[in-house]
Structures are given as structure tokens and as C-alpha cells.
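Read through the structure below, which is laid out as C-alpha cells, and then see the notes.
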Amino acid sequence: MQVSYTHVLIIIIGSLLFESCEKDHIVKDGMKPIYIRYDDFSGLKSGPPLPYQNLGKIVSAGQFIFINEIGKGIHVINNSNPNEPNQIYFWSIVGNTEFTIFQNVLYANNGKDLLIIDITDFDNISLSKIIKDQYPLDILELHPENYTGYFECYNYKLGILKGWEKGELINPYCKTN
Amino acid sequence: MRSTIYFLFISLLFLSACISEDINSSAESTKSGSYATMLTISNYLYVVNKTQITTFDISIPNSPVELNKQEVGFDIESLYHHAGLLLIGSANNMYIYKIGTNGIPARESATEYNQAFGTEVCTSDPIVVKENLAYVTLSSFTEVCRGFARINQLRVFDIQDFKAPKLLTTIDMTSPKGLGIGKTHLFVCDKVDGLVMFNLDNPSKPIKVKTISGFEGFDLIVNGNLLVVVAKDKLLQYDISDEINIKYLSKIDL
């Protein structure tokens, strides 16, 4: 078999072209944000207890303790016996980091709005009112926890960050070291 | 027979007294960790975001009405209530506001945490108060505070004159976070050291007496004889009826 210079040239030029294409569209494996629309409150509900991952603010009221799971919601603990605290519910509120409780009402943020939530029935919490735009959005710089590498930058215009998933990233800009 | 009935009657009285006390205490016993940014005080809800404080009327709890919104500063982290005062912790200032009769807070003072020669500090700083003293933790993170002076301290301020707080004491710590006050001790969470206890025999000069390590301490609530500590991924509880010998009670870590 005869390999001509033309063949070699084509291969070289071809690979150069291919490389330049790759430079325009770098595709890498990494993490992508999962968004929830700001007006979507379908995920706000009471559910079974969840594991602790990244705990935040704490409130105690009567025999109960409430602890924020950063960005995800609130752990509800029956602490009538502090020797054996009993996890009873997880209230899922995507984007939640701040809250307090007054009588049968939970005041909680979702990163943008202040949500007024009726907790008369712990098993069946319900949204009473939304006070919009209590929190400024443009200062959120979120990144995946316990992860090193490229990720698609979180864009607050697209919604609340629900979590991160693995995916192919095109020209990723954000990176954790 | 008659004595048995009397006995039953008296027992019932005791029982009913216990129950009503329980109900009363649960209605009034909402306590927040020192990193709180929302507080309810009588019929008002106070909310701080990164730069502002907003006052809501919550006479109808599930339908708050905004009364007032005002600019405070930058990077606000915490809101604490003491005797009609609101203390607001931000990245480089402790702000003191007085709640007016209309429920709306008005600024009394802003105390900068700056070091000598106006070096800007970058911290996170909850505040708690006992009588006329404010205890503040300042902690800096490498990831956020590039280019700023980094400090990790407990500071004690005299706020008797809340228009002009005076710094009394500074104590270096590793990475202090949320804090709370017991009967005779100050409890401070530390991201590296866990839980650090200070003796307050001389309230303006806390003396470190004990460290309980093994977790990343974040915040705590002192609730009577109970100390509730939140670490990164666990909840720890201690009996502090004897603050010199606090007793571990339980843990949730899933």
C-alpha cells in the first residue's frame, strides 16, 4: 500500500480543523444546576425525615426543634425527650436558608421571596401567602458541594437551584478547585 | 374514702396546673439560634436580608403587612433581640437599633470592627447580649475573604450606652460561629474546635474553661437547662443544669 504525501496532508489538515472545532466547543463532563421556576411551589410539602447533609439555622418552639437543611428545607424534630429526640418530618422548601416560627405560621425564604406557610397540621403544611422579592437575587454565587471540577454556572434568572446533576458541559466557565 | 377523694381532687389540681404551664410555655418559647435573620417580637416580624431590615405587622400571623423597610449596611448575617434593641451583625459592623412604639426600628449606633489603620475586615458575626454586655464572634473564611484582614475572635462590648458601644475584651479563637449564654457560662460554636465554653464570673473577661471537639460547630440554642448544638451534619444536646459539668444527652446524625 502506497501512502502519498497528499493523504498525509489531508490527515494533518483534517486533524487541525477538528482541533479548531473542538476549541470552539469544549465539551466536558461535570455538574449542571437543576432549576425550579420561581413561581413553582408544587414541591413545598411535608414528607418523611431525611438525612442531615449541610445544616443551617435553628429554631426551637415548645417541644419541637426545627433545623434548616441549607437550600432544601426544614428538619422537624420532636424533642419532648431530649435523651431521645425523634425526627418526624422534613418540610421540603427549595431554596430555603432562613426561617422563623410564630404560633402556627412558618415564615421562610426561598432565596427570593418570603413564604408564609400554615403549619397547623405538621403533616400537611400549606402556602398561605407570598411576599415577593424580599431577597436580592444577583448576589448568589452557588456551586456544587463536595465537588471539584467544572460545573455549569448557576444563573439566578433561570430559577431556584434545586440541586446538581451530572451532565455534558459545553464551554464550561465555572470551576471549583 | 373521703380522704381518697380529696387526694384525687388535689392530684387533679396539680395535674391541670402542669398542663396549663406547658401550654403557656410552648406558646412563648420560640427561641432562635444566634444566626437568625428573622425574629418575631410581640406582633411584629423583623427580617434582614443582605442589606436591609423590613418590619411586618403580624397581628394576623398568616397575612403579614409590611410597615417599613430601611437600608442597614452590607453583608448582614444576624439579627438579635435584647430588651427593645435589635442588634444586627454584618461583615464589618455591629448595628444597634431601638424598636419604637410603632414597632419600627431606628438606628442608635454602628460600631466598626476595623483593626488599626482602618484595615477592612471580612467576617461573619452573630451577637448575643447579657445585661449590658454584647458578645460577638468574628470569623473569616479563606474562600470569601481574599485580600482582607482575617480575624477569628470573640469580642466583648459594653453597650450600656448603646449609642456608643465600647470594646472591652478581645479573645483569639480558631473559627468561632454561633453563640449563646447560660447562667454562668458563654457557649461558643467553633467550626474547627467544636464547642468552646467560657466562664463568665467576670462577664467582661470571659475565661476559656472547656472544649468539646469532634464536630464542626455551627450554632446553638440555650433553652433553660438544655443546650442544643447544630454541627454541620449533626444535632447534639447537653444537660447544662450544672454548667461546670455539662452532660451529653443525645445526638442525631444520619
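Residues in the C-alpha cells are numbered from 1 in each chain, the chains being A, B, ... in the order shown, and ligands are numbered from 1 in the order shown.
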
Please identify all residues of chain A having at least one atom at most 8 Å from any atom of chain B, considering only C-alpha atoms, and return them as a CSV table (one decimal) with C-alpha atoms, in the first residue's frame.
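Dumped everything to selection.csv:
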chain,number,residue,atom,x,y,z
A,51,PRO,CA,-30.6,12.6,56.3
A,52,TYR,CA,-28.6,15.6,57.5
A,53,GLN,CA,-26.1,16.9,55.0
A,54,ASN,CA,-25.4,20.6,55.4
A,55,LEU,CA,-27.3,22.0,58.4
A,56,GLY,CA,-28.0,25.7,58.9
A,57,LYS,CA,-30.3,27.9,61.0
A,58,ILE,CA,-32.0,26.5,64.1
A,59,VAL,CA,-35.3,27.4,65.9
A,60,SER,CA,-36.8,25.7,68.9
A,61,ALA,CA,-40.5,26.1,69.7
A,62,GLY,CA,-42.2,24.3,72.5
A,63,GLN,CA,-41.2,20.7,72.4
A,82,PRO,CA,-34.0,15.3,74.8
A,83,ASN,CA,-32.4,12.0,75.5
A,84,GLU,CA,-34.2,10.5,72.5
A,85,PRO,CA,-35.0,13.3,70.0
A,98,GLU,CA,-33.8,31.5,56.6
A,99,PHE,CA,-36.9,30.9,58.7
A,100,THR,CA,-38.8,31.6,62.0
A,101,ILE,CA,-42.0,30.3,63.6
A,102,PHE,CA,-44.8,32.2,65.2
A,103,GLN,CA,-47.8,30.4,66.5
A,105,VAL,CA,-47.1,30.0,61.0
A,116,ILE,CA,-45.9,32.4,54.7
A,117,ILE,CA,-46.7,28.8,55.4
A,118,ASP,CA,-49.5,27.4,57.6
A,128,SER,CA,-50.8,31.0,52.7
A,129,LYS,CA,-49.1,33.9,51.1
A,134,GLN,CA,-37.8,40.2,49.8
A,135,TYR,CA,-34.3,38.9,48.9
A,136,PRO,CA,-32.0,40.3,46.3

*Contacts of Val196 of chain B within 7 Å, only C-alpha atoms, excl. fewer than 2 positions in-chain, as a PyMOL selection string*: chain B and resi 187-190+194+198+210-212

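Non-sequential neighbours of Ser213 of chain B (distance at most 8 Å, separation of 4 or more positions within a chain, only C-alpha atoms) are Val192, Asp193, Gly194 and Leu195 of chain B.
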
_atom CA of Asn155 of chain A to atom CA of Gly73 of chain A, distance in Å rounded to a single decimal_ =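 Atom CA of Gly73 of chain A lies 20.7 Å from atom CA of Asn155 of chain A.
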
*Of the candidates B:Ile127, B:Leu133, B:Ile181, B:Ile60, which shows the shortest atom-to-atom distance to Phe162 of chain B, using only C-alpha atoms?*
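Nearest candidate to Phe162 of chain B out of B:Ile127, B:Leu133, B:Ile181, B:Ile60: B:Leu133.
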
Need to verify the contact set: Met31 of chain A, 8 Å, only C-alpha atoms, exclusion of same-chain residues closer than 6 positions in sequence. Can you return it as a PDB file with N, CA and C atoms, in the first residue's frame?
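And here's result_37.pdb as it stands now:
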ATOM      1  N   PRO A 144     -21.610  23.407  43.405  1.00  0.00           N
ATOM      2  CA  PRO A 144     -21.910  22.100  43.998  1.00  0.00           C
ATOM      3  C   PRO A 144     -21.022  21.827  45.213  1.00  0.00           C
ATOM      4  N   TYR A 150     -15.217  21.106  36.816  1.00  0.00           N
ATOM      5  CA  TYR A 150     -16.045  22.054  36.075  1.00  0.00           C
ATOM      6  C   TYR A 150     -17.511  21.907  36.438  1.00  0.00           C
ATOM      7  N   PHE A 151     -18.231  23.024  36.405  1.00  0.00           N
ATOM      8  CA  PHE A 151     -19.687  22.951  36.513  1.00  0.00           C
ATOM      9  C   PHE A 151     -20.288  24.099  35.732  1.00  0.00           C
ATOM     10  N   GLU A 152     -21.555  23.932  35.329  1.00  0.00           N
ATOM     11  CA  GLU A 152     -22.255  24.999  34.623  1.00  0.00           C
ATOM     12  C   GLU A 152     -22.651  26.037  35.662  1.00  0.00           C
ATOM     13  N   TRP A 164     -27.882  19.597  41.913  1.00  0.00           N
ATOM     14  CA  TRP A 164     -26.937  19.471  40.805  1.00  0.00           C
ATOM     15  C   TRP A 164     -27.025  18.072  40.233  1.00  0.00           C
ATOM     16  N   GLU A 165     -26.820  17.962  38.904  1.00  0.00           N
ATOM     17  CA  GLU A 165     -26.796  16.635  38.289  1.00  0.00           C
ATOM     18  C   GLU A 165     -25.602  16.555  37.355  1.00  0.00           C
ATOM     19  N   LYS A 166     -25.140  15.326  37.116  1.00  0.00           N
ATOM     20  CA  LYS A 166     -24.026  15.130  36.191  1.00  0.00           C
ATOM     21  C   LYS A 166     -24.509  15.375  34.770  1.00  0.00           C
ATOM     22  N   GLY A 167     -23.628  15.927  33.933  1.00  0.00           N
ATOM     23  CA  GLY A 167     -24.039  16.136  32.555  1.00  0.00           C
ATOM     24  C   GLY A 167     -22.864  16.593  31.719  1.00  0.00           C
ATOM     25  N   GLU A 168     -23.098  16.727  30.399  1.00  0.00           N
ATOM     26  CA  GLU A 168     -22.063  17.237  29.499  1.00  0.00           C
ATOM     27  C   GLU A 168     -22.149  18.750  29.487  1.00  0.00           C
ATOM     28  N   LEU A 169     -21.019  19.398  29.713  1.00  0.00           N
ATOM     29  CA  LEU A 169     -20.980  20.850  29.754  1.00  0.00           C
ATOM     30  C   LEU A 169     -20.323  21.359  28.486  1.00  0.00           C
TER      31      LEU A 169
END

*Could you give me, as a PyMOL selection string, the residues within 8 Å of Ile130 of chain A, counting only C-alpha atoms and dropping anything in the same chain fewer than 2 positions from it?*
chain A and resi 113-116+127-128+132

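Contact shell of Tyr97 of chain B at 12 Å (only C-alpha atoms; same-chain neighbours under 4 positions omitted): Tyr46, Ile53, Gln70, Val72, Leu79, Tyr80, His81, His82, Ala83, Gly84, Leu85, Leu86, Leu87, Ile88, Gly89, Gly103, Ile104, Pro105, Ala106, Arg107, Glu108, Ser109, Ala110, Thr111, Ile159, Phe162 and Lys163 of chain B.
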
*asked:* For a test of reading the model, state the distance in Å between atom CA of Leu167 of chain B and atom CA of Val129 of chain B, rounded to one decimal.
replied: 13.7 Å

Name all residues at most 7 Å from Gly163 of chain A (count only C-alpha atoms; drop same-chain ones fewer than 2 positions away) and give them as a PDB file with C-alpha atoms, in the first residue's frame.
ATOM      1  CA  PRO A  33     -27.782  23.034  38.018  1.00  0.00           C
ATOM      2  CA  ILE A  34     -31.309  21.675  38.303  1.00  0.00           C
ATOM      3  CA  LEU A 161     -31.348  25.944  42.493  1.00  0.00           C
ATOM      4  CA  GLU A 165     -26.796  16.635  38.289  1.00  0.00           C
TER       5      GLU A 165
END

_Residues flagged strand (DSSP E or B) by DSSP in segment 65-254 of chain B, as number ranges by chain_ = B: 65-71, 76-82, 85-90, 93-99, 105-112, 121, 124, 127-130, 133-139, 149, 153-158, 166-172, 176-181, 185-190, 194-199, 207-212, 217-223, 226-231, 235-239, 247-252

*So what do you get for atom CA of Val136 of chain B versus atom CA of Leu154 of chain B, distance-wise?*
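That distance, rounded to one decimal, is 5.7 Å.
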
_Nearest residue to Thr120 of chain A from the set A:Lys175, A:Ile36, A:Glu69, A:Ser46 (distances using only C-alpha atoms)_ =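 The answer is A:Ser46, which sits nearest to Thr120 of chain A.
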